[in-house]
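Listing of upload14.cif; format and content: mmCIF, C-alpha atoms.
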data_data
loop_
_atom_site.label_atom_id
_atom_site.label_comp_id
_atom_site.auth_asym_id
_atom_site.auth_seq_id
_atom_site.Cartn_x
_atom_site.Cartn_y
_atom_site.Cartn_z
CA MET Y 1 78.50 97.66 130.88
CA THR Y 2 77.14 95.19 128.32
CA ASP Y 3 74.05 93.05 128.88
CA HIS Y 4 76.45 90.23 129.84
CA GLY Y 5 77.93 92.33 132.67
CA LEU Y 6 81.18 92.95 130.80
CA SER Y 7 82.81 96.26 131.76
CA TYR Y 8 86.60 95.87 131.67
CA PHE Y 9 89.32 93.58 130.39
CA ASP Y 10 89.31 91.73 133.73
CA ASP Y 11 85.78 90.45 133.08
CA TYR Y 12 86.61 88.32 130.01
CA ARG Y 13 87.49 84.68 130.65
CA PRO Y 14 89.08 82.52 127.95
CA GLY Y 15 86.75 79.68 127.03
CA THR Y 16 83.57 81.69 127.61
CA THR Y 17 81.14 82.26 124.73
CA TYR Y 18 78.76 85.24 124.67
CA ASP Y 19 75.54 85.38 122.66
CA CYS Y 20 75.54 88.70 120.80
CA GLY Y 21 71.97 88.57 119.56
CA SER Y 22 70.69 88.37 116.01
CA VAL Y 23 70.19 90.67 113.05
CA SER Y 24 68.18 90.35 109.84
CA VAL Y 25 69.02 91.81 106.46
CA SER Y 26 66.63 92.74 103.66
CA GLU Y 27 67.17 92.86 99.89
CA ALA Y 28 66.87 96.66 100.00
CA GLU Y 29 69.64 96.86 102.62
CA ILE Y 30 71.88 94.47 100.66
CA LEU Y 31 71.44 96.58 97.51
CA ALA Y 32 71.96 99.94 99.26
CA PHE Y 33 75.15 98.85 101.03
CA ALA Y 34 76.63 97.22 97.95
CA LYS Y 35 75.81 100.12 95.62
CA GLN Y 36 77.93 102.31 97.86
CA PHE Y 37 80.81 100.02 98.78
CA ASP Y 38 80.86 96.78 96.76
CA PRO Y 39 78.94 97.20 93.49
CA GLN Y 40 79.63 93.78 91.98
CA PRO Y 41 76.75 92.20 90.01
CA ILE Y 42 76.19 89.42 92.59
CA HIS Y 43 75.47 92.14 95.19
CA VAL Y 44 73.66 94.85 93.21
CA ASP Y 45 71.94 93.22 90.20
CA PRO Y 46 69.31 90.58 91.09
CA GLU Y 47 68.95 89.45 87.46
CA ALA Y 48 72.65 89.03 86.80
CA ALA Y 49 73.04 87.42 90.25
CA ALA Y 50 70.39 84.80 89.40
CA GLY Y 51 72.72 83.45 86.71
CA GLY Y 52 75.84 83.90 88.84
CA PRO Y 53 77.84 81.62 91.14
CA PHE Y 54 75.32 81.78 94.03
CA GLY Y 55 72.11 81.48 91.98
CA GLY Y 56 70.76 84.75 93.37
CA LEU Y 57 71.58 88.00 95.07
CA VAL Y 58 73.94 87.72 98.06
CA ALA Y 59 75.17 90.30 100.55
CA SER Y 60 78.67 91.69 100.25
CA GLY Y 61 80.88 89.90 102.77
CA TRP Y 62 81.72 93.38 104.08
CA HIS Y 63 78.06 93.99 104.75
CA THR Y 64 77.90 90.77 106.75
CA ALA Y 65 81.02 91.90 108.64
CA VAL Y 66 79.58 95.27 109.66
CA LEU Y 67 76.23 93.76 110.70
CA VAL Y 68 78.23 91.42 112.93
CA MET Y 69 80.30 94.34 114.24
CA ARG Y 70 77.17 96.17 115.31
CA GLN Y 71 76.13 93.16 117.40
CA LEU Y 72 79.57 93.10 119.05
CA VAL Y 73 79.35 96.79 119.90
CA ASP Y 74 75.89 96.28 121.39
CA HIS Y 75 76.67 93.11 123.40
CA TYR Y 76 80.40 92.46 123.75
CA LEU Y 77 82.57 95.61 123.69
CA PRO Y 78 81.85 97.94 126.63
CA GLU Y 79 82.05 101.64 125.82
CA GLU Y 80 84.03 102.38 128.98
CA ALA Y 81 86.82 99.94 128.13
CA SER Y 82 87.14 99.57 124.35
CA LEU Y 83 90.41 101.03 123.06
CA GLY Y 84 90.09 99.94 119.46
CA SER Y 85 91.40 97.05 117.44
CA PRO Y 86 94.66 96.53 115.56
CA GLY Y 87 92.93 94.10 113.19
CA LEU Y 88 91.51 90.66 112.51
CA ASP Y 89 92.84 87.32 111.35
CA GLU Y 90 91.36 84.59 109.19
CA MET Y 91 88.12 86.30 108.27
CA ARG Y 92 86.03 83.79 106.30
CA TRP Y 93 82.62 83.78 104.65
CA PRO Y 94 81.89 80.02 104.34
CA ALA Y 95 78.31 80.46 103.06
CA PRO Y 96 76.46 83.36 101.42
CA VAL Y 97 74.01 85.71 103.16
CA ARG Y 98 70.77 86.12 101.19
CA PRO Y 99 67.90 88.61 101.42
CA GLY Y 100 65.73 87.90 104.47
CA ASP Y 101 68.39 85.92 106.34
CA THR Y 102 68.69 86.30 110.10
CA LEU Y 103 72.18 85.99 111.55
CA ARG Y 104 72.96 85.01 115.11
CA VAL Y 105 76.31 86.26 116.39
CA ARG Y 106 78.50 84.66 119.05
CA ALA Y 107 81.82 85.80 120.51
CA SER Y 108 84.17 83.37 122.28
CA VAL Y 109 87.19 84.58 124.25
CA LEU Y 110 90.27 82.74 122.94
CA GLU Y 111 93.03 84.61 124.78
CA ALA Y 112 93.24 87.51 127.24
CA ARG Y 113 96.58 88.84 128.44
CA ARG Y 114 97.72 92.05 130.10
CA SER Y 115 99.87 94.30 127.95
CA LEU Y 116 103.51 94.32 129.04
CA SER Y 117 104.25 97.73 127.52
CA LYS Y 118 100.97 99.48 128.48
CA PRO Y 119 99.79 98.30 131.91
CA ASP Y 120 96.45 100.11 131.66
CA ARG Y 121 95.17 97.59 129.11
CA GLY Y 122 94.83 94.01 128.00
CA ILE Y 123 94.92 92.36 124.61
CA MET Y 124 92.10 89.99 123.80
CA LYS Y 125 91.59 87.54 120.96
CA THR Y 126 88.01 86.61 120.19
CA MET Y 127 86.54 84.00 117.83
CA ILE Y 128 83.56 85.64 116.18
CA GLU Y 129 80.96 83.50 114.47
CA ALA Y 130 77.72 84.30 112.68
CA GLU Y 131 75.25 81.61 111.72
CA ASN Y 132 72.08 81.89 109.64
CA GLN Y 133 68.58 80.65 110.48
CA ASP Y 134 69.47 77.22 109.04
CA GLY Y 135 72.47 76.81 111.32
CA ARG Y 136 75.03 77.44 108.58
CA THR Y 137 78.07 79.51 109.48
CA VAL Y 138 78.19 82.60 107.24
CA MET Y 139 81.14 84.38 108.85
CA ARG Y 140 84.02 83.52 111.13
CA ALA Y 141 87.00 85.63 112.19
CA THR Y 142 89.52 86.08 114.96
CA ALA Y 143 89.38 89.65 116.26
CA ILE Y 144 92.06 91.37 118.30
CA ASN Y 145 90.93 94.08 120.74
CA PHE Y 146 92.55 96.37 123.26
CA LEU Y 147 90.52 96.84 126.44
CA ARG Y 148 91.14 98.92 129.57
CA VAL Y 149 91.73 97.05 132.81
CA ARG Y 150 89.41 97.93 135.68
CA PRO Y 151 90.56 101.19 137.28
CA GLY Y 152 92.46 100.40 140.47
CA ALA Y 153 92.73 96.69 139.61
CA MET O 154 87.83 95.10 81.94
CA THR O 155 89.45 97.33 84.56
CA ASP O 156 91.43 100.48 83.73
CA HIS O 157 94.56 98.34 84.09
CA GLY O 158 93.38 95.97 81.31
CA LEU O 159 92.54 93.19 83.78
CA SER O 160 89.73 90.94 82.53
CA TYR O 161 90.37 87.36 83.66
CA PHE O 162 92.46 85.35 86.11
CA ASP O 163 95.08 84.84 83.38
CA ASP O 164 95.88 88.57 83.39
CA TYR O 165 97.22 88.77 86.97
CA ARG O 166 100.96 88.28 87.44
CA PRO O 167 102.47 87.64 90.86
CA GLY O 168 104.79 90.49 91.78
CA THR O 169 102.77 93.15 89.97
CA THR O 170 101.29 96.08 91.92
CA TYR O 171 98.22 97.97 90.68
CA ASP O 172 97.32 101.52 91.72
CA CYS O 173 93.65 101.49 92.69
CA GLY O 174 93.18 105.24 92.98
CA SER O 175 92.37 107.30 96.04
CA VAL O 176 89.35 108.15 98.16
CA SER O 177 88.69 110.87 100.73
CA VAL O 178 86.47 110.63 103.79
CA SER O 179 84.69 113.46 105.60
CA GLU O 180 83.66 113.77 109.24
CA ALA O 181 80.00 113.52 108.20
CA GLU O 182 80.69 110.22 106.41
CA ILE O 183 82.65 108.83 109.37
CA LEU O 184 79.80 109.69 111.73
CA ALA O 185 77.04 108.33 109.44
CA PHE O 186 78.79 105.00 108.85
CA ALA O 187 79.68 104.50 112.51
CA LYS O 188 76.22 105.42 113.82
CA GLN O 189 74.85 102.58 111.75
CA PHE O 190 77.51 99.90 112.16
CA ASP O 191 80.13 100.74 114.81
CA PRO O 192 78.72 103.30 117.29
CA GLN O 193 81.69 103.43 119.67
CA PRO O 194 82.50 106.89 121.15
CA ILE O 195 85.80 107.20 119.21
CA HIS O 196 83.78 106.93 115.96
CA VAL O 197 80.52 108.78 116.74
CA ASP O 198 81.20 111.33 119.49
CA PRO O 199 83.76 114.04 118.60
CA GLU O 200 83.90 115.38 122.17
CA ALA O 201 84.43 112.00 123.83
CA ALA O 202 86.89 111.06 121.06
CA ALA O 203 88.98 114.17 121.77
CA GLY O 204 89.78 112.74 125.22
CA GLY O 205 90.13 109.18 123.91
CA PRO O 206 93.07 107.03 122.78
CA PHE O 207 93.43 108.79 119.38
CA GLY O 208 92.96 112.38 120.56
CA GLY O 209 90.07 112.92 118.15
CA LEU O 210 87.44 111.29 116.01
CA VAL O 211 88.66 108.37 113.87
CA ALA O 212 86.90 106.26 111.25
CA SER O 213 85.76 102.76 112.12
CA GLY O 214 88.29 100.30 110.73
CA TRP O 215 85.34 98.71 108.91
CA HIS O 216 84.64 102.00 107.21
CA THR O 217 88.24 102.13 106.02
CA ALA O 218 87.87 98.55 104.79
CA VAL O 219 84.78 99.24 102.70
CA LEU O 220 86.24 102.43 101.22
CA VAL O 221 89.23 100.31 100.16
CA MET O 222 86.91 97.61 98.79
CA ARG O 223 85.17 100.14 96.58
CA GLN O 224 88.53 101.08 95.04
CA LEU O 225 89.27 97.41 94.37
CA VAL O 226 85.91 96.91 92.67
CA ASP O 227 86.54 99.97 90.51
CA HIS O 228 90.16 99.20 89.55
CA TYR O 229 91.15 95.61 90.32
CA LEU O 230 88.26 93.10 90.22
CA PRO O 231 86.72 92.81 86.73
CA GLU O 232 82.98 92.29 86.70
CA GLU O 233 83.22 89.56 84.08
CA ALA O 234 85.55 87.39 86.13
CA SER O 235 84.98 88.00 89.85
CA LEU O 236 83.48 84.94 91.56
CA GLY O 237 83.60 86.25 95.11
CA SER O 238 85.97 85.82 98.00
CA PRO O 239 86.22 83.18 100.73
CA GLY O 240 87.83 85.72 103.05
CA LEU O 241 90.88 87.71 104.11
CA ASP O 242 93.91 87.15 106.32
CA GLU O 243 95.86 89.45 108.59
CA MET O 244 93.73 92.56 108.23
CA ARG O 245 95.48 95.37 110.12
CA TRP O 246 94.82 99.05 110.81
CA PRO O 247 98.29 100.34 111.78
CA ALA O 248 97.26 104.02 111.98
CA PRO O 249 93.92 105.78 112.38
CA VAL O 250 91.91 107.41 109.57
CA ARG O 251 90.77 110.93 110.50
CA PRO O 252 88.20 113.30 108.97
CA GLY O 253 89.51 114.78 105.72
CA ASP O 254 92.09 112.06 105.10
CA THR O 255 92.72 110.86 101.55
CA LEU O 256 93.64 107.21 101.16
CA ARG O 257 95.57 105.78 98.24
CA VAL O 258 94.94 102.09 97.59
CA ARG O 259 97.33 99.59 96.04
CA ALA O 260 96.87 95.90 95.24
CA SER O 261 99.83 93.56 94.75
CA VAL O 262 99.40 90.04 93.38
CA LEU O 263 101.07 87.62 95.81
CA GLU O 264 99.95 84.29 94.36
CA ALA O 265 97.80 83.12 91.45
CA ARG O 266 97.09 79.43 90.87
CA ARG O 267 94.51 77.52 88.87
CA SER O 268 91.95 75.64 90.93
CA LEU O 269 92.47 71.86 90.81
CA SER O 270 88.87 71.05 91.67
CA LYS O 271 87.17 73.74 89.52
CA PRO O 272 89.09 74.24 86.28
CA ASP O 273 87.04 77.29 85.24
CA ARG O 274 88.71 79.45 87.87
CA GLY O 275 91.85 80.52 89.64
CA ILE O 276 92.59 81.43 93.24
CA MET O 277 94.44 84.67 93.80
CA LYS O 278 96.03 86.14 96.91
CA THR O 279 96.48 89.91 96.95
CA MET O 280 98.27 92.20 99.37
CA ILE O 281 96.04 95.22 99.79
CA GLU O 282 97.47 98.43 101.23
CA ALA O 283 95.98 101.85 101.90
CA GLU O 284 98.14 104.81 102.79
CA ASN O 285 97.10 108.31 103.87
CA GLN O 286 98.24 111.68 102.47
CA ASP O 287 101.26 111.61 104.83
CA GLY O 288 102.46 108.25 103.55
CA ARG O 289 101.35 106.32 106.64
CA THR O 290 99.80 102.90 106.09
CA VAL O 291 96.27 102.89 107.51
CA MET O 292 95.20 99.43 106.35
CA ARG O 293 96.82 96.25 105.15
CA ALA O 294 95.28 92.83 104.41
CA THR O 295 95.75 89.71 102.36
CA ALA O 296 92.64 89.04 100.30
CA ILE O 297 91.70 85.77 98.67
CA ASN O 298 89.65 85.93 95.46
CA PHE O 299 88.20 83.48 92.98
CA LEU O 300 88.40 84.65 89.36
CA ARG O 301 87.24 83.05 86.12
CA VAL O 302 89.91 81.99 83.66
CA ARG O 303 89.61 83.45 80.17
CA PRO O 304 86.97 81.53 78.19
CA GLY O 305 88.69 79.06 75.87
CA ALA O 306 92.05 79.50 77.60
#
Could you quickly redo this structure as structure tokens?
Amino acid sequence: MTDHGLSYFDDYRPGTTYDCGSVSVSEAEILAFAKQFDPQPIHVDPEAAAGGPFGGLVASGWHTAVLVMRQLVDHYLPEEASLGSPGLDEMRWPAPVRPGDTLRVRASVLEARRSLSKPDRGIMKTMIEAENQDGRTVMRATAINFLRVRPGA
Amino acid sequence: MTDHGLSYFDDYRPGTTYDCGSVSVSEAEILAFAKQFDPQPIHVDPEAAAGGPFGGLVASGWHTAVLVMRQLVDHYLPEEASLGSPGLDEMRWPAPVRPGDTLRVRASVLEARRSLSKPDRGIMKTMIEAENQDGRTVMRATAINFLRVRPGA
């Protein structure tokens, strides 16, 4: 069960927003992630990044995405019910994430419907948003998740 | 310049597909990534995963995504021209990635148009696909990228 009391598909109500806590990211973390997965100059080379489109080093959008994912696992997707995700729609990074930023993550239930073909589960659409310490949105996406219905429900 | 001779926005032709090489993933890598960013049982606990929806441990979809991204940085997005991405649409994971899988990545130019508001760049849409050693698609997404036009063009 998550800290919001979410255990099964049945517990999610469209229109409800859940605070998924916050996470900070350091320059060392930005560099380490990007060296492995997204080694573009704006993410791995502070000097080159200073003269680049963002005027300084910024996190890979994928790094932002996985930091957000961790918050969802910790606060929104209960271990006993999560059956994976077929994907996401309209993932956007409207503003950059910079070293030292703290991101607050929120998840809002957009849709929740029982599966017609697999009655043990429901399909949920969630609007995910992450905002920095200045209130600017740095990531937004619509996630699709499969969740078990409550046993015996 | 990439190994396909791609340097600037002007070099990308809608309808062209670029091979972005292949990448393998081990169980140790799947576990290490997921422990940090997506610690759900299907990604971090081989025993629990064996009884789960995929009948065994599978990579986080985010891990698949960043492995694919690395191939794009190495083969598709030239350092001299890449100005970042506002996001992606319709990211899907149609089949799981398992320990030992090898993924081949392809990028197909869907659209390429000059920016009206910022004449130094173009906006490109790319269909990204990753397929495993059995020919099954494990990831698909439409990426949006900003790329510099060739200086003086």
Could you do a least-squares fit of chain O on chain Y over every C-alpha atom, in sequence order, and give the output as a PDB file with C-alpha atoms, in the frame of the given file?
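The resulting file, out_6.pdb, is reproduced below:
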ATOM      1  CA  MET O 154      78.500  97.652 130.884  1.00  0.00           C
ATOM      2  CA  THR O 155      77.144  95.185 128.327  1.00  0.00           C
ATOM      3  CA  ASP O 156      74.048  93.034 128.893  1.00  0.00           C
ATOM      4  CA  HIS O 157      76.442  90.229 129.844  1.00  0.00           C
ATOM      5  CA  GLY O 158      77.925  92.328 132.696  1.00  0.00           C
ATOM      6  CA  LEU O 159      81.171  92.954 130.797  1.00  0.00           C
ATOM      7  CA  SER O 160      82.805  96.257 131.768  1.00  0.00           C
ATOM      8  CA  TYR O 161      86.593  95.873 131.689  1.00  0.00           C
ATOM      9  CA  PHE O 162      89.316  93.574 130.382  1.00  0.00           C
ATOM     10  CA  ASP O 163      89.311  91.743 133.733  1.00  0.00           C
ATOM     11  CA  ASP O 164      85.780  90.458 133.074  1.00  0.00           C
ATOM     12  CA  TYR O 165      86.605  88.320 130.009  1.00  0.00           C
ATOM     13  CA  ARG O 166      87.483  84.675 130.635  1.00  0.00           C
ATOM     14  CA  PRO O 167      89.090  82.525 127.956  1.00  0.00           C
ATOM     15  CA  GLY O 168      86.756  79.687 127.032  1.00  0.00           C
ATOM     16  CA  THR O 169      83.575  81.683 127.608  1.00  0.00           C
ATOM     17  CA  THR O 170      81.136  82.261 124.727  1.00  0.00           C
ATOM     18  CA  TYR O 171      78.763  85.244 124.675  1.00  0.00           C
ATOM     19  CA  ASP O 172      75.538  85.386 122.655  1.00  0.00           C
ATOM     20  CA  CYS O 173      75.534  88.705 120.813  1.00  0.00           C
ATOM     21  CA  GLY O 174      71.958  88.577 119.562  1.00  0.00           C
ATOM     22  CA  SER O 175      70.693  88.375 116.010  1.00  0.00           C
ATOM     23  CA  VAL O 176      70.184  90.683 113.052  1.00  0.00           C
ATOM     24  CA  SER O 177      68.169  90.358 109.847  1.00  0.00           C
ATOM     25  CA  VAL O 178      69.013  91.830 106.460  1.00  0.00           C
ATOM     26  CA  SER O 179      66.612  92.742 103.657  1.00  0.00           C
ATOM     27  CA  GLU O 180      67.164  92.859  99.904  1.00  0.00           C
ATOM     28  CA  ALA O 181      66.859  96.659 100.002  1.00  0.00           C
ATOM     29  CA  GLU O 182      69.635  96.857 102.615  1.00  0.00           C
ATOM     30  CA  ILE O 183      71.881  94.481 100.654  1.00  0.00           C
ATOM     31  CA  LEU O 184      71.437  96.569  97.512  1.00  0.00           C
ATOM     32  CA  ALA O 185      71.951  99.940  99.268  1.00  0.00           C
ATOM     33  CA  PHE O 186      75.144  98.846 101.031  1.00  0.00           C
ATOM     34  CA  ALA O 187      76.629  97.219  97.936  1.00  0.00           C
ATOM     35  CA  LYS O 188      75.813 100.127  95.610  1.00  0.00           C
ATOM     36  CA  GLN O 189      77.916 102.311  97.854  1.00  0.00           C
ATOM     37  CA  PHE O 190      80.807 100.022  98.762  1.00  0.00           C
ATOM     38  CA  ASP O 191      80.875  96.775  96.750  1.00  0.00           C
ATOM     39  CA  PRO O 192      78.934  97.215  93.475  1.00  0.00           C
ATOM     40  CA  GLN O 193      79.644  93.790  91.969  1.00  0.00           C
ATOM     41  CA  PRO O 194      76.750  92.196  89.994  1.00  0.00           C
ATOM     42  CA  ILE O 195      76.208  89.417  92.589  1.00  0.00           C
ATOM     43  CA  HIS O 196      75.483  92.144  95.187  1.00  0.00           C
ATOM     44  CA  VAL O 197      73.650  94.854  93.198  1.00  0.00           C
ATOM     45  CA  ASP O 198      71.947  93.219  90.205  1.00  0.00           C
ATOM     46  CA  PRO O 199      69.304  90.584  91.076  1.00  0.00           C
ATOM     47  CA  GLU O 200      68.936  89.448  87.452  1.00  0.00           C
ATOM     48  CA  ALA O 201      72.658  89.021  86.801  1.00  0.00           C
ATOM     49  CA  ALA O 202      73.044  87.413  90.247  1.00  0.00           C
ATOM     50  CA  ALA O 203      70.388  84.809  89.403  1.00  0.00           C
ATOM     51  CA  GLY O 204      72.710  83.445  86.694  1.00  0.00           C
ATOM     52  CA  GLY O 205      75.833  83.896  88.829  1.00  0.00           C
ATOM     53  CA  PRO O 206      77.841  81.617  91.134  1.00  0.00           C
ATOM     54  CA  PHE O 207      75.303  81.806  94.017  1.00  0.00           C
ATOM     55  CA  GLY O 208      72.109  81.496  91.967  1.00  0.00           C
ATOM     56  CA  GLY O 209      70.751  84.759  93.368  1.00  0.00           C
ATOM     57  CA  LEU O 210      71.574  88.007  95.079  1.00  0.00           C
ATOM     58  CA  VAL O 211      73.935  87.722  98.069  1.00  0.00           C
ATOM     59  CA  ALA O 212      75.164  90.308 100.562  1.00  0.00           C
ATOM     60  CA  SER O 213      78.672  91.688 100.254  1.00  0.00           C
ATOM     61  CA  GLY O 214      80.881  89.905 102.770  1.00  0.00           C
ATOM     62  CA  TRP O 215      81.723  93.383 104.089  1.00  0.00           C
ATOM     63  CA  HIS O 216      78.064  93.995 104.754  1.00  0.00           C
ATOM     64  CA  THR O 217      77.910  90.780 106.762  1.00  0.00           C
ATOM     65  CA  ALA O 218      81.018  91.910 108.642  1.00  0.00           C
ATOM     66  CA  VAL O 219      79.582  95.271 109.657  1.00  0.00           C
ATOM     67  CA  LEU O 220      76.241  93.765 110.691  1.00  0.00           C
ATOM     68  CA  VAL O 221      78.242  91.417 112.936  1.00  0.00           C
ATOM     69  CA  MET O 222      80.317  94.337 114.248  1.00  0.00           C
ATOM     70  CA  ARG O 223      77.180  96.173 115.300  1.00  0.00           C
ATOM     71  CA  GLN O 224      76.138  93.158 117.390  1.00  0.00           C
ATOM     72  CA  LEU O 225      79.560  93.102 119.048  1.00  0.00           C
ATOM     73  CA  VAL O 226      79.351  96.798 119.901  1.00  0.00           C
ATOM     74  CA  ASP O 227      75.898  96.265 121.391  1.00  0.00           C
ATOM     75  CA  HIS O 228      76.672  93.102 123.394  1.00  0.00           C
ATOM     76  CA  TYR O 229      80.404  92.464 123.745  1.00  0.00           C
ATOM     77  CA  LEU O 230      82.576  95.617 123.674  1.00  0.00           C
ATOM     78  CA  PRO O 231      81.846  97.940 126.625  1.00  0.00           C
ATOM     79  CA  GLU O 232      82.053 101.622 125.816  1.00  0.00           C
ATOM     80  CA  GLU O 233      84.033 102.365 128.963  1.00  0.00           C
ATOM     81  CA  ALA O 234      86.826  99.948 128.130  1.00  0.00           C
ATOM     82  CA  SER O 235      87.146  99.562 124.350  1.00  0.00           C
ATOM     83  CA  LEU O 236      90.417 101.037 123.061  1.00  0.00           C
ATOM     84  CA  GLY O 237      90.071  99.929 119.457  1.00  0.00           C
ATOM     85  CA  SER O 238      91.405  97.042 117.447  1.00  0.00           C
ATOM     86  CA  PRO O 239      94.667  96.539 115.550  1.00  0.00           C
ATOM     87  CA  GLY O 240      92.935  94.107 113.202  1.00  0.00           C
ATOM     88  CA  LEU O 241      91.521  90.652 112.530  1.00  0.00           C
ATOM     89  CA  ASP O 242      92.858  87.303 111.357  1.00  0.00           C
ATOM     90  CA  GLU O 243      91.371  84.589 109.198  1.00  0.00           C
ATOM     91  CA  MET O 244      88.118  86.297 108.280  1.00  0.00           C
ATOM     92  CA  ARG O 245      86.027  83.792 106.309  1.00  0.00           C
ATOM     93  CA  TRP O 246      82.606  83.765 104.650  1.00  0.00           C
ATOM     94  CA  PRO O 247      81.877  80.022 104.331  1.00  0.00           C
ATOM     95  CA  ALA O 248      78.302  80.464 103.038  1.00  0.00           C
ATOM     96  CA  PRO O 249      76.453  83.349 101.406  1.00  0.00           C
ATOM     97  CA  VAL O 250      74.010  85.706 103.158  1.00  0.00           C
ATOM     98  CA  ARG O 251      70.768  86.109 101.188  1.00  0.00           C
ATOM     99  CA  PRO O 252      67.896  88.610 101.426  1.00  0.00           C
ATOM    100  CA  GLY O 253      65.739  87.889 104.475  1.00  0.00           C
ATOM    101  CA  ASP O 254      68.400  85.917 106.339  1.00  0.00           C
ATOM    102  CA  THR O 255      68.697  86.288 110.109  1.00  0.00           C
ATOM    103  CA  LEU O 256      72.186  85.991 111.546  1.00  0.00           C
ATOM    104  CA  ARG O 257      72.965  84.996 115.109  1.00  0.00           C
ATOM    105  CA  VAL O 258      76.307  86.258 116.403  1.00  0.00           C
ATOM    106  CA  ARG O 259      78.503  84.653 119.042  1.00  0.00           C
ATOM    107  CA  ALA O 260      81.820  85.786 120.520  1.00  0.00           C
ATOM    108  CA  SER O 261      84.176  83.366 122.272  1.00  0.00           C
ATOM    109  CA  VAL O 262      87.186  84.578 124.254  1.00  0.00           C
ATOM    110  CA  LEU O 263      90.267  82.744 122.953  1.00  0.00           C
ATOM    111  CA  GLU O 264      93.020  84.612 124.790  1.00  0.00           C
ATOM    112  CA  ALA O 265      93.239  87.511 127.241  1.00  0.00           C
ATOM    113  CA  ARG O 266      96.593  88.834 128.449  1.00  0.00           C
ATOM    114  CA  ARG O 267      97.725  92.041 130.105  1.00  0.00           C
ATOM    115  CA  SER O 268      99.867  94.295 127.945  1.00  0.00           C
ATOM    116  CA  LEU O 269     103.519  94.340 129.056  1.00  0.00           C
ATOM    117  CA  SER O 270     104.244  97.723 127.513  1.00  0.00           C
ATOM    118  CA  LYS O 271     100.972  99.485 128.482  1.00  0.00           C
ATOM    119  CA  PRO O 272      99.809  98.307 131.902  1.00  0.00           C
ATOM    120  CA  ASP O 273      96.447 100.102 131.657  1.00  0.00           C
ATOM    121  CA  ARG O 274      95.165  97.594 129.120  1.00  0.00           C
ATOM    122  CA  GLY O 275      94.827  94.016 128.015  1.00  0.00           C
ATOM    123  CA  ILE O 276      94.927  92.354 124.615  1.00  0.00           C
ATOM    124  CA  MET O 277      92.089  89.999 123.820  1.00  0.00           C
ATOM    125  CA  LYS O 278      91.589  87.553 120.969  1.00  0.00           C
ATOM    126  CA  THR O 279      88.000  86.592 120.184  1.00  0.00           C
ATOM    127  CA  MET O 280      86.548  83.999 117.845  1.00  0.00           C
ATOM    128  CA  ILE O 281      83.575  85.637 116.189  1.00  0.00           C
ATOM    129  CA  GLU O 282      80.958  83.489 114.468  1.00  0.00           C
ATOM    130  CA  ALA O 283      77.720  84.302 112.675  1.00  0.00           C
ATOM    131  CA  GLU O 284      75.260  81.611 111.714  1.00  0.00           C
ATOM    132  CA  ASN O 285      72.083  81.885 109.633  1.00  0.00           C
ATOM    133  CA  GLN O 286      68.565  80.645 110.469  1.00  0.00           C
ATOM    134  CA  ASP O 287      69.466  77.204 109.040  1.00  0.00           C
ATOM    135  CA  GLY O 288      72.469  76.801 111.318  1.00  0.00           C
ATOM    136  CA  ARG O 289      75.034  77.429 108.573  1.00  0.00           C
ATOM    137  CA  THR O 290      78.071  79.518 109.476  1.00  0.00           C
ATOM    138  CA  VAL O 291      78.173  82.596 107.242  1.00  0.00           C
ATOM    139  CA  MET O 292      81.129  84.368 108.850  1.00  0.00           C
ATOM    140  CA  ARG O 293      84.011  83.518 111.119  1.00  0.00           C
ATOM    141  CA  ALA O 294      87.000  85.640 112.202  1.00  0.00           C
ATOM    142  CA  THR O 295      89.519  86.085 114.962  1.00  0.00           C
ATOM    143  CA  ALA O 296      89.401  89.646 116.255  1.00  0.00           C
ATOM    144  CA  ILE O 297      92.064  91.373 118.294  1.00  0.00           C
ATOM    145  CA  ASN O 298      90.932  94.062 120.748  1.00  0.00           C
ATOM    146  CA  PHE O 299      92.548  96.363 123.267  1.00  0.00           C
ATOM    147  CA  LEU O 300      90.511  96.838 126.451  1.00  0.00           C
ATOM    148  CA  ARG O 301      91.136  98.918 129.564  1.00  0.00           C
ATOM    149  CA  VAL O 302      91.733  97.053 132.800  1.00  0.00           C
ATOM    150  CA  ARG O 303      89.411  97.941 135.667  1.00  0.00           C
ATOM    151  CA  PRO O 304      90.554 101.202 137.291  1.00  0.00           C
ATOM    152  CA  GLY O 305      92.473 100.414 140.475  1.00  0.00           C
ATOM    153  CA  ALA O 306      92.748  96.719 139.609  1.00  0.00           C
TER     154      ALA O 306
END
Explicit residue set for the PyMOL selection byres ((chain Y) within 6 of (chain O)), as JSON, numbers by chain: {"Y": [37, 38, 66, 70, 86, 87, 88, 89, 90, 91, 92, 93]}
Residue IDs satisfying the PyMOL selection byres ((chain O and resi 177) around 6), as a list of chain:residue names: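 Going through the file, the PyMOL selection byres ((chain O and resi 177) around 6) ends up selecting O:Val176, O:Val178, O:Asp254, O:Thr255.
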Interatomic distance, CA of Arg13 (chain Y) to CA of Asn132 (chain Y) (Å, one decimal): 26.2 Å
Gly208 (chain O) environment, 10 Å, all atoms listed in the file, sequence neighbours closer than 6 positions dropped, as an MDAnalysis selection string: chainID O and resid 195 199:202
Pick from Y:Lys118, Y:Arg104, Y:His43, Y:Arg98 nearest to Gln133 (chain Y), counting all atoms listed in the file: Y:Arg104
Residues matched by the PyMOL selection byres ((chain O and resi 157) around 10) as a PyMOL selection string: chain O and resi 154-156+158-160+164+171-173+228-229+231
Can you spit out the residues from that selection as a short mmCIF file (atom, residue, chain, number, x, y, z; two decimals), keeping the file's coordinate frame, using C-alpha atoms?
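Generated output (selection21.cif):
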data_model
loop_
_atom_site.label_atom_id
_atom_site.label_comp_id
_atom_site.auth_asym_id
_atom_site.auth_seq_id
_atom_site.Cartn_x
_atom_site.Cartn_y
_atom_site.Cartn_z
CA MET O 154 87.83 95.10 81.94
CA THR O 155 89.45 97.33 84.56
CA ASP O 156 91.43 100.48 83.73
CA GLY O 158 93.38 95.97 81.31
CA LEU O 159 92.54 93.19 83.78
CA SER O 160 89.73 90.94 82.53
CA ASP O 164 95.88 88.57 83.39
CA TYR O 171 98.22 97.97 90.68
CA ASP O 172 97.32 101.52 91.72
CA CYS O 173 93.65 101.49 92.69
CA HIS O 228 90.16 99.20 89.55
CA TYR O 229 91.15 95.61 90.32
CA PRO O 231 86.72 92.81 86.73
#
